[in-house]
file final_37.cif (mmCIF, C-alpha atoms)
data_input
loop_
_atom_site.label_atom_id
_atom_site.label_comp_id
_atom_site.auth_asym_id
_atom_site.auth_seq_id
_atom_site.Cartn_x
_atom_site.Cartn_y
_atom_site.Cartn_z
CA MET A 1 -60.99 -23.32 49.43
CA ARG A 2 -58.67 -20.67 48.15
CA PHE A 3 -60.24 -18.33 50.70
CA PHE A 4 -59.42 -20.67 53.60
CA CYS A 5 -55.91 -21.19 52.31
CA THR A 6 -55.37 -17.45 52.28
CA ILE A 7 -56.67 -17.08 55.83
CA PHE A 8 -54.51 -19.96 57.00
CA LEU A 9 -51.44 -18.49 55.31
CA ALA A 10 -52.16 -15.08 56.82
CA MET A 11 -52.44 -16.60 60.30
CA LEU A 12 -49.25 -18.53 59.79
CA LEU A 13 -47.43 -15.38 58.72
CA SER A 14 -48.86 -13.20 61.45
CA SER A 15 -47.57 -15.59 64.06
CA CYS A 16 -44.08 -14.67 62.86
CA TRP A 17 -44.61 -11.03 63.87
CA GLN A 18 -44.70 -10.37 67.52
CA LYS A 19 -46.27 -7.14 68.66
CA VAL A 20 -44.08 -5.37 71.20
CA ASP A 21 -44.94 -2.27 73.15
CA PRO A 22 -42.31 0.31 72.12
CA ARG A 23 -42.53 1.95 75.53
CA ASN A 24 -41.61 -1.31 77.15
CA PRO A 25 -39.28 -2.91 74.65
CA GLY A 26 -37.89 -5.35 77.15
CA SER A 27 -41.32 -6.96 77.45
CA ALA A 28 -40.44 -9.54 74.85
CA LEU A 29 -36.98 -10.02 73.41
CA ALA A 30 -38.28 -11.06 70.03
CA THR A 31 -35.97 -11.16 67.08
CA VAL A 32 -36.82 -8.35 64.68
CA TRP A 33 -35.28 -6.59 61.68
CA GLY A 34 -33.40 -3.59 63.04
CA TYR A 35 -30.09 -1.86 63.54
CA LYS A 36 -27.08 -3.73 64.83
CA PRO A 37 -24.03 -1.86 66.14
CA VAL A 38 -20.74 -1.98 64.25
CA TYR A 39 -18.03 -2.03 66.89
CA ALA A 40 -14.42 -1.02 67.15
CA SER A 41 -12.19 -1.52 70.15
CA ILE A 42 -11.82 1.62 72.24
CA ALA A 43 -8.13 1.82 71.33
CA THR A 44 -8.84 1.59 67.59
CA ALA A 45 -11.76 4.01 67.68
CA LYS A 46 -9.72 6.64 69.49
CA GLN A 47 -6.79 6.60 67.09
CA ILE A 48 -6.23 9.97 65.47
CA ILE A 49 -4.87 9.81 61.94
CA TYR A 50 -4.38 12.46 59.26
CA SER A 51 -4.59 11.37 55.64
CA PRO A 52 -3.87 13.65 52.65
CA THR A 53 -6.72 11.94 50.80
CA PRO A 54 -10.01 13.85 50.79
CA GLN A 55 -13.06 11.93 51.96
CA PRO A 56 -16.68 12.31 50.85
CA VAL A 57 -18.87 14.45 53.12
CA LEU A 58 -21.69 12.37 54.58
CA ARG A 59 -22.61 13.99 57.90
CA ALA A 60 -21.49 17.59 57.52
CA GLY A 61 -20.97 19.56 60.71
CA ASN A 62 -19.45 22.77 62.02
CA ILE A 63 -17.13 24.91 59.95
CA TYR A 64 -13.98 26.72 61.07
CA ALA A 65 -11.57 29.02 59.23
CA LYS A 66 -7.95 29.77 60.08
CA ASP A 67 -5.23 31.19 57.88
CA ASN A 68 -5.46 29.51 54.46
CA LEU A 69 -7.48 26.54 55.59
CA ILE A 70 -11.15 25.80 56.17
CA TYR A 71 -12.11 22.90 58.38
CA GLN A 72 -15.45 21.11 58.39
CA VAL A 73 -16.48 18.53 60.93
CA GLU A 74 -17.66 15.17 59.68
CA ASN A 75 -19.95 14.38 62.60
CA GLY A 76 -18.80 11.31 64.48
CA ARG A 77 -15.85 10.66 62.17
CA GLY A 78 -13.40 13.56 61.96
CA ILE A 79 -12.55 16.79 60.16
CA HIS A 80 -12.29 17.64 56.46
CA VAL A 81 -9.43 19.98 55.58
CA ILE A 82 -9.94 22.45 52.72
CA ASP A 83 -7.15 24.49 51.14
CA ASN A 84 -8.50 28.04 50.76
CA THR A 85 -5.26 29.76 49.73
CA VAL A 86 -7.00 30.90 46.54
CA PRO A 87 -10.74 30.86 47.27
CA ALA A 88 -11.63 30.41 43.61
CA ASN A 89 -9.60 27.18 43.68
CA ALA A 90 -10.55 26.02 47.17
CA ARG A 91 -10.64 22.24 47.47
CA ARG A 92 -10.57 19.42 50.00
CA VAL A 93 -7.02 18.24 50.59
CA GLY A 94 -7.22 15.80 53.47
CA PHE A 95 -9.09 14.23 56.32
CA LEU A 96 -8.31 14.06 60.00
CA THR A 97 -9.90 11.01 61.61
CA ILE A 98 -11.25 11.80 65.08
CA ASN A 99 -14.00 9.33 65.84
CA GLY A 100 -16.73 10.61 68.15
CA CYS A 101 -16.06 14.27 67.33
CA ASN A 102 -18.36 17.17 66.46
CA GLN A 103 -16.41 20.29 67.51
CA ILE A 104 -13.28 22.18 66.53
CA SER A 105 -11.30 25.19 67.66
CA ILE A 106 -7.69 26.12 66.95
CA LYS A 107 -5.06 28.25 68.63
CA ASN A 108 -1.62 28.56 67.08
CA ASN A 109 -0.78 25.06 65.90
CA PHE A 110 -3.02 23.22 68.33
CA LEU A 111 -6.39 21.91 67.24
CA TYR A 112 -8.88 21.15 70.01
CA SER A 113 -11.69 18.70 69.42
CA ASN A 114 -13.78 16.13 71.20
CA SER A 115 -13.56 12.38 70.77
CA TYR A 116 -16.47 10.71 72.57
CA ASP A 117 -16.14 12.02 76.13
CA ASP A 118 -12.51 13.09 75.76
CA LEU A 119 -10.98 16.46 74.94
CA VAL A 120 -8.18 15.95 72.42
CA VAL A 121 -5.33 18.22 71.39
CA ILE A 122 -3.82 17.67 67.95
CA ASP A 123 -0.50 19.18 66.91
CA LEU A 124 -0.73 20.63 63.39
CA SER A 125 2.76 22.14 63.27
CA ASP A 126 4.25 19.47 61.00
CA VAL A 127 1.92 18.57 58.13
CA ASN A 128 3.78 15.26 57.76
CA ASN A 129 3.29 14.39 61.37
CA ILE A 130 -0.14 15.58 62.48
CA ARG A 131 -0.76 13.76 65.73
CA GLU A 132 -2.58 13.66 69.03
CA ILE A 133 -0.43 15.15 71.75
CA LYS A 134 -2.91 15.18 74.60
CA ARG A 135 -6.15 13.51 75.56
CA VAL A 136 -8.13 14.66 78.59
CA ALA A 137 -10.17 11.57 79.36
CA GLY A 138 -13.76 12.10 80.47
CA ALA A 139 -13.72 15.88 79.88
CA PHE A 140 -17.28 15.85 78.50
CA PRO A 141 -19.25 13.17 80.35
CA GLU A 142 -22.31 13.60 78.14
CA GLY A 143 -20.19 12.67 75.13
CA ASN A 144 -20.00 9.11 76.27
CA THR A 145 -23.63 8.44 75.43
CA ALA A 146 -24.44 11.30 73.06
CA TYR A 147 -21.89 10.92 70.27
CA TYR A 148 -23.07 10.73 66.69
CA PHE A 149 -23.22 6.95 66.36
CA SER A 150 -24.49 6.26 69.87
CA GLN A 151 -27.95 5.68 68.40
CA PRO A 152 -28.99 4.27 65.03
CA PRO A 153 -29.81 6.78 62.27
CA GLN A 154 -33.54 6.13 62.25
CA ALA A 155 -36.41 5.28 64.57
CA GLY A 156 -37.00 1.66 65.36
CA TYR A 157 -35.64 -1.29 67.24
CA TYR A 158 -31.95 -1.80 67.67
CA GLU A 159 -29.59 -3.97 69.58
CA CYS A 160 -28.41 -2.22 72.75
CA PRO A 161 -24.67 -1.58 72.39
CA ARG A 162 -22.12 -3.22 74.62
CA TYR A 163 -20.08 -0.93 76.80
CA ASP A 164 -16.67 -2.54 76.40
CA SER A 165 -16.39 -1.27 72.81
CA VAL A 166 -17.26 1.81 70.79
CA VAL A 167 -20.01 1.94 68.18
CA THR A 168 -18.62 3.28 64.91
CA GLY A 169 -21.67 2.62 62.75
CA TRP A 170 -24.91 0.69 62.29
CA ARG A 171 -26.11 -1.93 59.82
CA MET A 172 -29.47 -3.59 59.33
CA ASP A 173 -29.74 -7.13 60.58
CA SER A 174 -32.01 -9.34 62.60
CA VAL A 175 -31.60 -8.18 66.17
CA LYS A 176 -33.06 -8.75 69.58
CA ASN A 177 -35.39 -5.81 70.03
CA SER A 178 -33.67 -4.79 73.23
CA CYS A 179 -33.58 -1.03 72.56
CA TYR A 180 -35.92 1.33 70.76
CA ARG A 181 -35.35 4.76 69.29
CA ASN A 182 -38.36 7.05 68.90
CA MET B 1 38.06 52.72 69.81
CA LYS B 2 37.74 49.13 70.98
CA TYR B 3 35.50 50.33 73.79
CA PHE B 4 33.34 52.15 71.26
CA LEU B 5 33.10 49.05 69.01
CA ASN B 6 32.07 46.93 71.98
CA ARG B 7 29.34 49.39 72.91
CA LEU B 8 28.19 49.49 69.29
CA THR B 9 28.02 45.68 69.12
CA ILE B 10 25.94 45.55 72.29
CA PHE B 11 23.66 48.31 71.00
CA VAL B 12 23.12 46.58 67.63
CA SER B 13 22.52 43.23 69.33
CA LEU B 14 19.93 44.77 71.62
CA LEU B 15 18.24 46.46 68.67
CA LEU B 16 18.08 43.18 66.75
CA LEU B 17 16.67 41.39 69.78
CA LEU B 18 14.03 44.06 70.15
CA LEU B 19 13.05 43.83 66.50
CA ALA B 20 12.95 40.04 66.64
CA SER B 21 10.63 40.10 69.64
CA CYS B 22 8.37 42.60 67.87
CA GLU B 23 8.04 40.32 64.89
CA LYS B 24 7.19 37.36 67.07
CA ASP B 25 4.48 39.27 68.91
CA MET B 26 2.91 40.46 65.68
CA ASN B 27 2.79 36.93 64.30
CA SER B 28 1.16 35.47 67.34
CA VAL B 29 -1.44 38.24 67.42
CA SER B 30 -2.35 38.01 63.76
CA SER B 31 -2.90 34.27 63.58
CA ALA B 32 -3.42 32.84 67.03
CA THR B 33 -7.00 31.64 66.68
CA GLY B 34 -9.37 31.11 63.79
CA VAL B 35 -13.08 31.81 63.44
CA GLY B 36 -15.86 29.32 64.03
CA GLY B 37 -19.42 29.26 62.79
CA SER B 38 -22.32 30.46 64.91
CA LEU B 39 -23.41 26.88 65.59
CA SER B 40 -20.14 26.10 67.41
CA ARG B 41 -19.91 24.68 70.90
CA PHE B 42 -16.15 25.22 71.30
CA THR B 43 -14.49 28.62 71.35
CA ILE B 44 -11.14 30.07 72.37
CA VAL B 45 -10.72 33.46 74.01
CA GLY B 46 -7.18 34.44 74.97
CA ASN B 47 -5.61 31.60 76.92
CA TYR B 48 -8.86 29.76 77.55
CA LEU B 49 -10.86 27.17 75.69
CA TYR B 50 -14.58 27.24 76.47
CA ALA B 51 -16.72 24.24 75.58
CA VAL B 52 -20.39 23.56 76.13
CA ASP B 53 -22.30 20.33 76.03
CA ASP B 54 -26.06 20.13 76.58
CA HIS B 55 -25.95 21.36 80.18
CA PHE B 56 -22.48 22.55 81.19
CA LEU B 57 -19.89 25.17 80.31
CA TYR B 58 -16.33 23.90 80.74
CA SER B 59 -13.31 26.20 80.98
CA TYR B 60 -9.78 25.06 80.16
CA ASP B 61 -6.57 27.01 80.61
CA ILE B 62 -4.53 26.49 77.43
CA SER B 63 -1.62 28.84 78.26
CA ASN B 64 0.39 25.73 77.53
CA GLY B 65 -1.49 24.74 74.39
CA ALA B 66 -0.39 21.14 74.57
CA ASN B 67 -1.67 20.66 78.08
CA PRO B 68 -5.18 22.00 78.79
CA ILE B 69 -5.99 22.34 82.48
CA LYS B 70 -9.62 22.43 83.57
CA THR B 71 -10.34 25.52 85.63
CA GLY B 72 -14.11 25.49 85.90
CA THR B 73 -17.43 23.81 85.19
CA SER B 74 -20.64 25.85 85.26
CA ALA B 75 -24.06 24.24 85.22
CA ILE B 76 -26.27 26.17 82.85
CA ASN B 77 -29.17 23.80 83.25
CA PHE B 78 -30.95 24.36 79.98
CA ASP B 79 -30.50 22.78 76.60
CA ILE B 80 -27.42 24.59 75.35
CA GLU B 81 -27.12 25.09 71.62
CA THR B 82 -24.20 27.41 70.85
CA ILE B 83 -21.42 29.57 72.28
CA TYR B 84 -20.18 32.84 70.75
CA PRO B 85 -17.39 35.04 72.12
CA PHE B 86 -17.19 38.81 71.81
CA ASN B 87 -14.79 41.06 73.67
CA ASN B 88 -14.91 40.01 77.25
CA ARG B 89 -18.16 38.08 77.03
CA LEU B 90 -19.53 34.71 76.12
CA PHE B 91 -22.96 34.61 74.51
CA ILE B 92 -24.56 31.25 75.09
CA GLY B 93 -27.59 30.37 73.01
CA THR B 94 -29.88 27.87 74.67
CA ARG B 95 -33.30 26.57 73.82
CA THR B 96 -34.85 28.82 76.43
CA GLY B 97 -32.88 32.02 76.07
CA LEU B 98 -29.69 33.95 75.56
CA TYR B 99 -27.24 33.84 78.47
CA ILE B 100 -24.41 36.36 78.77
CA TYR B 101 -21.31 35.40 80.74
CA SER B 102 -18.49 37.67 81.81
CA LEU B 103 -14.88 36.66 81.27
CA ASP B 104 -13.49 39.13 83.82
CA THR B 105 -12.25 36.03 85.59
CA PRO B 106 -11.46 33.98 82.49
CA SER B 107 -10.80 30.79 84.43
CA MET B 108 -14.37 30.79 85.74
CA PRO B 109 -16.94 32.69 83.62
CA SER B 110 -19.82 34.14 85.58
CA LYS B 111 -23.35 34.80 84.43
CA ILE B 112 -24.23 38.46 83.99
CA SER B 113 -27.70 38.31 82.50
CA GLU B 114 -30.15 36.47 80.36
CA ALA B 115 -32.86 37.21 77.82
CA ARG B 116 -35.50 34.53 78.04
CA HIS B 117 -37.67 33.57 75.15
CA ALA B 118 -40.04 30.83 74.12
CA ARG B 119 -38.54 27.45 73.52
CA SER B 120 -36.64 27.28 70.22
CA CYS B 121 -33.17 26.93 68.71
CA ASP B 122 -30.96 29.98 68.74
CA PRO B 123 -27.46 30.83 67.57
CA VAL B 124 -26.12 34.27 68.47
CA VAL B 125 -23.72 36.88 67.13
CA ALA B 126 -22.97 40.19 68.81
CA ASN B 127 -21.04 43.42 68.81
CA ASP B 128 -20.49 46.03 71.52
CA SER B 129 -24.09 47.10 71.78
CA ILE B 130 -26.29 44.59 69.99
CA ALA B 131 -26.82 40.83 70.12
CA PHE B 132 -28.49 39.21 67.14
CA VAL B 133 -30.26 35.94 67.79
CA THR B 134 -32.10 33.75 65.34
CA LEU B 135 -34.97 31.69 66.63
CA LYS B 136 -36.13 28.76 64.63
CA GLY B 137 -39.55 27.77 65.90
CA SER B 138 -39.78 24.49 64.08
CA SER B 139 -41.39 21.38 65.47
CA SER B 140 -38.11 19.95 66.70
CA CYS B 141 -36.98 23.20 68.29
CA GLY B 142 -40.11 24.61 69.90
CA PRO B 143 -43.03 26.92 69.30
CA ALA B 144 -41.41 30.39 69.20
CA GLU B 145 -42.05 32.60 66.20
CA SER B 146 -39.18 32.15 63.74
CA GLY B 147 -37.14 35.21 63.00
CA LEU B 148 -34.30 37.55 63.89
CA TYR B 149 -34.43 38.84 67.46
CA VAL B 150 -32.39 41.99 68.13
CA HIS B 151 -31.33 42.67 71.72
CA ASN B 152 -29.81 45.94 72.90
CA ILE B 153 -26.97 44.94 75.24
CA LYS B 154 -25.50 48.39 75.95
CA ASN B 155 -26.54 47.67 79.49
CA ILE B 156 -25.18 44.16 79.66
CA PHE B 157 -27.09 43.46 82.86
CA THR B 158 -30.50 44.00 81.28
CA PRO B 159 -30.64 42.97 77.62
CA LEU B 160 -33.58 44.61 75.94
CA LEU B 161 -35.44 43.09 72.99
CA ILE B 162 -35.75 46.00 70.56
CA ARG B 163 -36.92 44.32 67.40
CA THR B 164 -38.22 41.07 65.99
CA LEU B 165 -37.97 40.52 62.25
CA PRO B 166 -40.03 37.46 61.31
CA MET B 167 -38.42 35.14 58.79
CA SER B 168 -38.76 31.45 58.13
CA ASN B 169 -36.13 28.82 58.93
CA PRO B 170 -33.30 31.04 60.21
CA GLU B 171 -30.32 29.09 61.48
CA GLY B 172 -26.65 30.15 61.54
CA LEU B 173 -25.68 33.79 61.14
CA ALA B 174 -22.57 35.94 60.65
CA LEU B 175 -21.96 39.63 61.23
CA ASN B 176 -19.79 41.84 59.01
CA GLY B 177 -19.95 45.44 60.24
CA ASN B 178 -23.41 46.70 59.33
CA THR B 179 -24.25 43.63 57.30
CA LEU B 180 -25.73 40.52 58.81
CA TYR B 181 -25.92 37.25 56.87
CA ILE B 182 -28.62 34.85 57.99
CA CYS B 183 -28.75 31.26 56.77
CA CYS B 184 -32.42 30.37 56.25
CA ASN B 185 -32.12 26.79 55.02
CA ASN B 186 -34.15 26.36 51.82
CA ASP B 187 -35.33 29.97 51.99
CA GLY B 188 -31.80 31.09 51.14
CA LEU B 189 -29.15 33.38 52.57
CA ARG B 190 -30.64 36.68 53.73
CA VAL B 191 -28.42 39.74 53.49
CA VAL B 192 -29.63 42.15 56.15
CA ASN B 193 -28.60 45.76 56.65
CA VAL B 194 -28.35 46.35 60.40
CA GLY B 195 -26.93 49.89 60.19
CA ASP B 196 -29.93 50.81 62.31
CA PRO B 197 -30.24 47.68 64.46
CA ALA B 198 -33.74 48.61 65.54
CA ASN B 199 -34.80 48.53 61.89
CA PRO B 200 -33.03 45.69 60.14
CA VAL B 201 -33.76 45.56 56.41
CA ILE B 202 -33.41 42.49 54.19
CA THR B 203 -31.64 43.86 51.11
CA LYS B 204 -30.98 40.65 49.23
CA THR B 205 -31.65 36.92 49.31
CA LEU B 206 -29.34 34.39 47.69
CA THR B 207 -31.01 31.10 46.86
CA GLY B 208 -30.09 27.80 45.29
CA ALA B 209 -28.86 25.94 48.37
CA TYR B 210 -29.92 24.85 51.84
CA PHE B 211 -27.95 27.30 54.01
CA LYS B 212 -27.02 26.18 57.54
CA ASP B 213 -24.19 28.38 58.84
CA ALA B 214 -21.71 31.03 57.73
CA ILE B 215 -18.35 32.55 58.68
CA VAL B 216 -16.94 35.94 57.71
CA TYR B 217 -13.20 35.50 57.11
CA ASN B 218 -10.64 37.46 55.07
CA ASN B 219 -13.21 39.34 53.01
CA HIS B 220 -15.02 36.13 52.19
CA LEU B 221 -18.22 34.55 53.40
CA ILE B 222 -17.80 30.82 53.95
CA CYS B 223 -21.20 29.13 53.83
CA PHE B 224 -22.01 25.66 55.10
CA VAL B 225 -24.80 24.40 52.84
CA SER B 226 -26.33 20.94 52.80
CA THR B 227 -24.62 20.09 49.52
CA GLY B 228 -21.17 21.42 50.37
CA ILE B 229 -19.37 24.68 51.03
CA MET B 230 -19.94 27.91 49.10
CA LEU B 231 -17.44 30.78 49.14
CA TYR B 232 -18.56 34.33 48.43
CA ASP B 233 -16.44 37.42 47.91
CA ILE B 234 -17.84 40.10 50.23
CA GLY B 235 -15.56 42.96 49.22
CA SER B 236 -18.89 44.67 48.77
CA ALA B 237 -20.58 43.47 51.95
CA ALA B 238 -24.13 43.88 50.72
CA ASN B 239 -23.46 42.07 47.44
CA PRO B 240 -21.84 38.68 47.99
CA VAL B 241 -20.38 37.25 44.80
CA LEU B 242 -20.05 33.48 44.54
CA VAL B 243 -16.47 32.47 43.79
CA LYS B 244 -16.46 28.75 44.52
CA THR B 245 -18.70 25.82 45.38
CA ILE B 246 -17.07 22.75 46.90
CA ALA B 247 -19.55 19.91 46.54
CA ASN B 248 -19.85 17.20 49.14
#

call {"tool": "encode", "arguments": {"input": "final_37.cif", "output": "C-alpha cells"}}
result
Amino acid sequence: MRFFCTIFLAMLLSSCWQKVDPRNPGSALATVWGYKPVYASIATAKQIIYSPTPQPVLRAGNIYAKDNLIYQVENGRGIHVIDNTVPANARRVGFLTINGCNQISIKNNFLYSNSYDDLVVIDLSDVNNIREIKRVAGAFPEGNTAYYFSQPPQAGYYECPRYDSVVTGWRMDSVKNSCYRN
Amino acid sequence: MKYFLNRLTIFVSLLLLLLASCEKDMNSVSSATGVGGSLSRFTIVGNYLYAVDDHFLYSYDISNGANPIKTGTSAINFDIETIYPFNNRLFIGTRTGLYIYSLDTPSMPSKISEARHARSCDPVVANDSIAFVTLKGSSSCGPAESGLYVHNIKNIFTPLLIRTLPMSNPEGLALNGNTLYICCNNDGLRVVNVGDPANPVITKTLTGAYFKDAIVYNNHLICFVSTGIMLYDIGSAANPVLVKTIAN
C-alpha cells in the first residue's frame, strides 16, 4: 500500500513539472521558478549621481588611472573612485552611478563612459558638483541589448524584459518561462 | 622717460603673457589623459575618443570635450575584445586576430594590417617595433594555444610573429620599458624581461591573487585582481614590491 501511495504521490508531483524544450521556450508558457527583471524607469536608470560614500565591489570591471585617482568600473552600475595620492594609503573614496556602463576614459576634466546605448560625458571639474553634461543617445546600438543586466546572471528560464523600462537587476521568482539563457 | 616706461610696461606685459601661456601648455600636456588597462574598449588619442563594441569602431571628435561629435564608424566584423593606442596607431584585439589601424586621419581610422590567429581572447600592448598579444585559449575564448605572442611590427603593413611563449591563463598585460607584466589569473602575475623581444624570459611570478589586468602609472603597477586592487612599487621594474591591497 505504501508503495502505491508513493507512486501516486510521485505522479501527482510530476504533473506539476512541465517539460519544456529549451530551444523552443515559447512552446509552453508554463510558470516556473526563474529570474524576474527588476525594473527602473528609463529616466531613473539614466540618472548620473556622484556620492562620496564608497560602495562594495560586486562586479569589478576595467581600471583607469589619472593623476592621483584610480577608477574602477562596477559593471552595469557605475565607477568606483580610489584616492591614490599616497599609494600606501590608497582607498575608495566615492562612487559615480552610471547604470549600464562598462567603460571609462578621461581627458582633462571630462570623463567619457557608456550608459546602455548612450555615450555620456561627465564633468569632474568641481568635486561638489560632478554631473552629466552631455549624453549622445544611441551612440552604441549594441549597448541597448548587451548591457550587464540585460540577461540574468545564470543559465535558466527568465521572464523576457519589457522594453519601456530598463532592467537594473534580477531576482528569483515564479515566472512565465518566456525566455531562456544557455 | 615716459616713452621708455610705456615701452617697458608693454615689454613686461608681453613677457608675462608668454610665460603664462607656457605654463598652461605644460599643464595640459602633462595631465590631459589618463591610462587605461589593456582590457579597455574606450581610448583617447589627441582630440579623439575611440570606442569599440563587439563589431564596430566609433570615432568621436572631442576637441570640445563637452560636446563629442561622431566622425566615423568602421565595421570590423569580428568579435572585438580590446583597443590599445600607441603613437599614431590603434591596436585592436579581436577573437580572430590583431588589427592595426592608422590614425593619420584621426577622424576616420583606416586599417593597415592584421595578424590572424586561431580563435581566442587577446589584449594587446605595443611599442614602436613590437606588439605583445596574450591569447587565452580557454573553452569560452577558443582553441588557440595559451601564451604570449610577440609580433614584429617594424613593417607595420606585415606584422610578423617572431615568438610564442606558452603560458596558462594569460589575460591583461602592461609594458614598462623592457619589462612586461602579464596577468595570468590564478597562475599569478608574470614578470617578463622583453629586452630581447624574440626571447622573452619570465624572471619572476607573483602569486596570491587572481590577476586580471594591470596598468603602469607613476612608477607603480596597478593590478586588477578578483578580490580587489593591488598596488606595487616598480621603481625596480623587475622586482615589484607590494605597497597596498584594496579589498573589494

call {"tool": "atom_distance", "arguments": {"input": "final_37.cif", "atom1": "atom CA of B:Gly172", "atom2": "atom CA of B:Asp61"}}
result
27.9 Å

call {"tool": "closest_atom_pairs", "arguments": {"input": "final_37.cif", "of": "chain A", "to": "chain B", "cutoff": "9 Å", "atoms": "all atoms listed in the file", "output": "CSV"}}
result
residue,atom,partner,partner_atom,distance
A:Pro56,CA,B:Asn248,CA,6.1
A:Val57,CA,B:Asn248,CA,4.9
A:Leu58,CA,B:Asn248,CA,7.5
A:Ala60,CA,B:Ser226,CA,7.5
A:Gly61,CA,B:Phe224,CA,8.4
A:Asn62,CA,B:Ser40,CA,6.4
A:Ile63,CA,B:Gly37,CA,5.7
A:Tyr64,CA,B:Gly36,CA,4.4
A:Ala65,CA,B:Val35,CA,5.3
A:Lys66,CA,B:Gly34,CA,4.2
A:Asp67,CA,B:Ser31,CA,6.9
A:Ile70,CA,B:Ile222,CA,8.6
A:Gln72,CA,B:Phe224,CA,8.6
A:Pro87,CA,B:Lys244,CA,6.7
A:Ala88,CA,B:Lys244,CA,5.2
A:Asn89,CA,B:Lys244,CA,7.1
A:Ala90,CA,B:Lys244,CA,7.0
A:Arg91,CA,B:Ile246,CA,6.5
A:Arg92,CA,B:Ile246,CA,7.9
A:Asn102,CA,B:Arg41,CA,8.9
A:Gln103,CA,B:Phe42,CA,6.2
A:Ile104,CA,B:Phe42,CA,6.3
A:Ser105,CA,B:Thr43,CA,6.0
A:Ile106,CA,B:Thr33,CA,5.6
A:Lys107,CA,B:Thr33,CA,4.4
A:Asn108,CA,B:Ala32,CA,4.6
A:Asn109,CA,B:Ala32,CA,8.3
A:Phe110,CA,B:Gly65,CA,6.4
A:Tyr112,CA,B:Phe42,CA,8.4
A:Ser113,CA,B:Phe42,CA,8.1
A:Leu119,CA,B:Pro68,CA,8.9
A:Val121,CA,B:Ala66,CA,6.6
A:Ile122,CA,B:Ala66,CA,8.2
A:Asp123,CA,B:Ala66,CA,7.9
A:Ile133,CA,B:Ala66,CA,6.6
A:Lys134,CA,B:Ala66,CA,6.5
A:Arg135,CA,B:Asn67,CA,8.8
A:Val136,CA,B:Pro68,CA,7.9
A:Ala139,CA,B:Tyr58,CA,8.5
A:Phe140,CA,B:Asp53,CA,7.2
A:Pro141,CA,B:Asp53,CA,8.9
A:Glu142,CA,B:Asp53,CA,7.1
A:Gly143,CA,B:Asp53,CA,8.0

call {"tool": "resolve_selection", "arguments": {"input": "final_37.cif", "expression": "the PyMOL selection byres ((chain A and resi 98) around 7)", "output": "JSON list (two decimals) with C-alpha atoms, in the frame of the given file"}}
result
[["chain", "number", "residue", "atom", "x", "y", "z"],
["A", 46, "LYS", "CA", -9.72, 6.64, 69.49],
["A", 48, "ILE", "CA", -6.23, 9.97, 65.47],
["A", 77, "ARG", "CA", -15.85, 10.66, 62.17],
["A", 78, "GLY", "CA", -13.40, 13.56, 61.96],
["A", 96, "LEU", "CA", -8.31, 14.06, 60.00],
["A", 97, "THR", "CA", -9.90, 11.01, 61.61],
["A", 99, "ASN", "CA", -14.00, 9.33, 65.84],
["A", 100, "GLY", "CA", -16.73, 10.61, 68.15],
["A", 101, "CYS", "CA", -16.06, 14.27, 67.33],
["A", 115, "SER", "CA", -13.56, 12.38, 70.77]]

call {"tool": "resolve_selection", "arguments": {"input": "final_37.cif", "expression": "the PyMOL selection byres ((chain B and resi 86) around 9)", "output": "ChimeraX atom specification"}}
result
/B:45,84-85,87-91,125-128

call {"tool": "resolve_selection", "arguments": {"input": "final_37.cif", "expression": "the PyMOL selection byres ((chain B and resi 145) around 8)", "output": "ChimeraX atom specification"}}
result
/B:135-137,143-144,146-147,166

call {"tool": "residues_near_point", "arguments": {"input": "final_37.cif", "point": "(-8.2, 17.4, 55.5)", "cutoff": "10 Å", "atoms": "all atoms listed in the file", "output": "PyMOL selection string"}}
result
chain A and resi 50-55+69-73+78-83+91-97

call {"tool": "closest_residue", "arguments": {"input": "final_37.cif", "among": "B:Val133, B:Met167, B:Val191, B:Ala115", "to": "B:Leu206", "atoms": "all atoms listed in the file"}}
result
B:Val191

call {"tool": "closest_residue", "arguments": {"input": "final_37.cif", "among": "B:Ile130, B:Ile100, B:Ala75, B:Val124", "to": "B:Leu160", "atoms": "all atoms listed in the file"}}
result
B:Ile130

call {"tool": "closest_residue", "arguments": {"input": "final_37.cif", "among": "B:Leu221, B:Cys183, B:Val150, B:Ile83", "to": "B:Pro200", "atoms": "only C-alpha atoms"}}
result
B:Val150

call {"tool": "residues_around", "arguments": {"input": "final_37.cif", "residues": "B:Asn155", "least_positions_apart": "2", "cutoff": "12 Å", "atoms": "all atoms listed in the file", "output": "tab-separated table (two decimals) with C-alpha atoms, in the coordinates of the input"}}
result
chain	number	residue	atom	x	y	z
B	100	ILE	CA	-24.41	36.36	78.77
B	112	ILE	CA	-24.23	38.46	83.99
B	113	SER	CA	-27.70	38.31	82.50
B	114	GLU	CA	-30.15	36.47	80.36
B	128	ASP	CA	-20.49	46.03	71.52
B	129	SER	CA	-24.09	47.10	71.78
B	130	ILE	CA	-26.29	44.59	69.99
B	131	ALA	CA	-26.82	40.83	70.12
B	151	HIS	CA	-31.33	42.67	71.72
B	152	ASN	CA	-29.81	45.94	72.90
B	153	ILE	CA	-26.97	44.94	75.24
B	157	PHE	CA	-27.09	43.46	82.86
B	158	THR	CA	-30.50	44.00	81.28
B	159	PRO	CA	-30.64	42.97	77.62
B	160	LEU	CA	-33.58	44.61	75.94
B	161	LEU	CA	-35.44	43.09	72.99

call {"tool": "atom_distance", "arguments": {"input": "final_37.cif", "atom1": "atom CA of A:Arg162", "atom2": "atom CA of A:Thr31"}}
result
17.7 Å

call {"tool": "residues_around", "arguments": {"input": "final_37.cif", "residues": "A:Trp33", "least_positions_apart": "2", "cutoff": "8 Å", "atoms": "only C-alpha atoms", "output": "ChimeraX atom specification"}}
result
/A:31,35,157,172-175
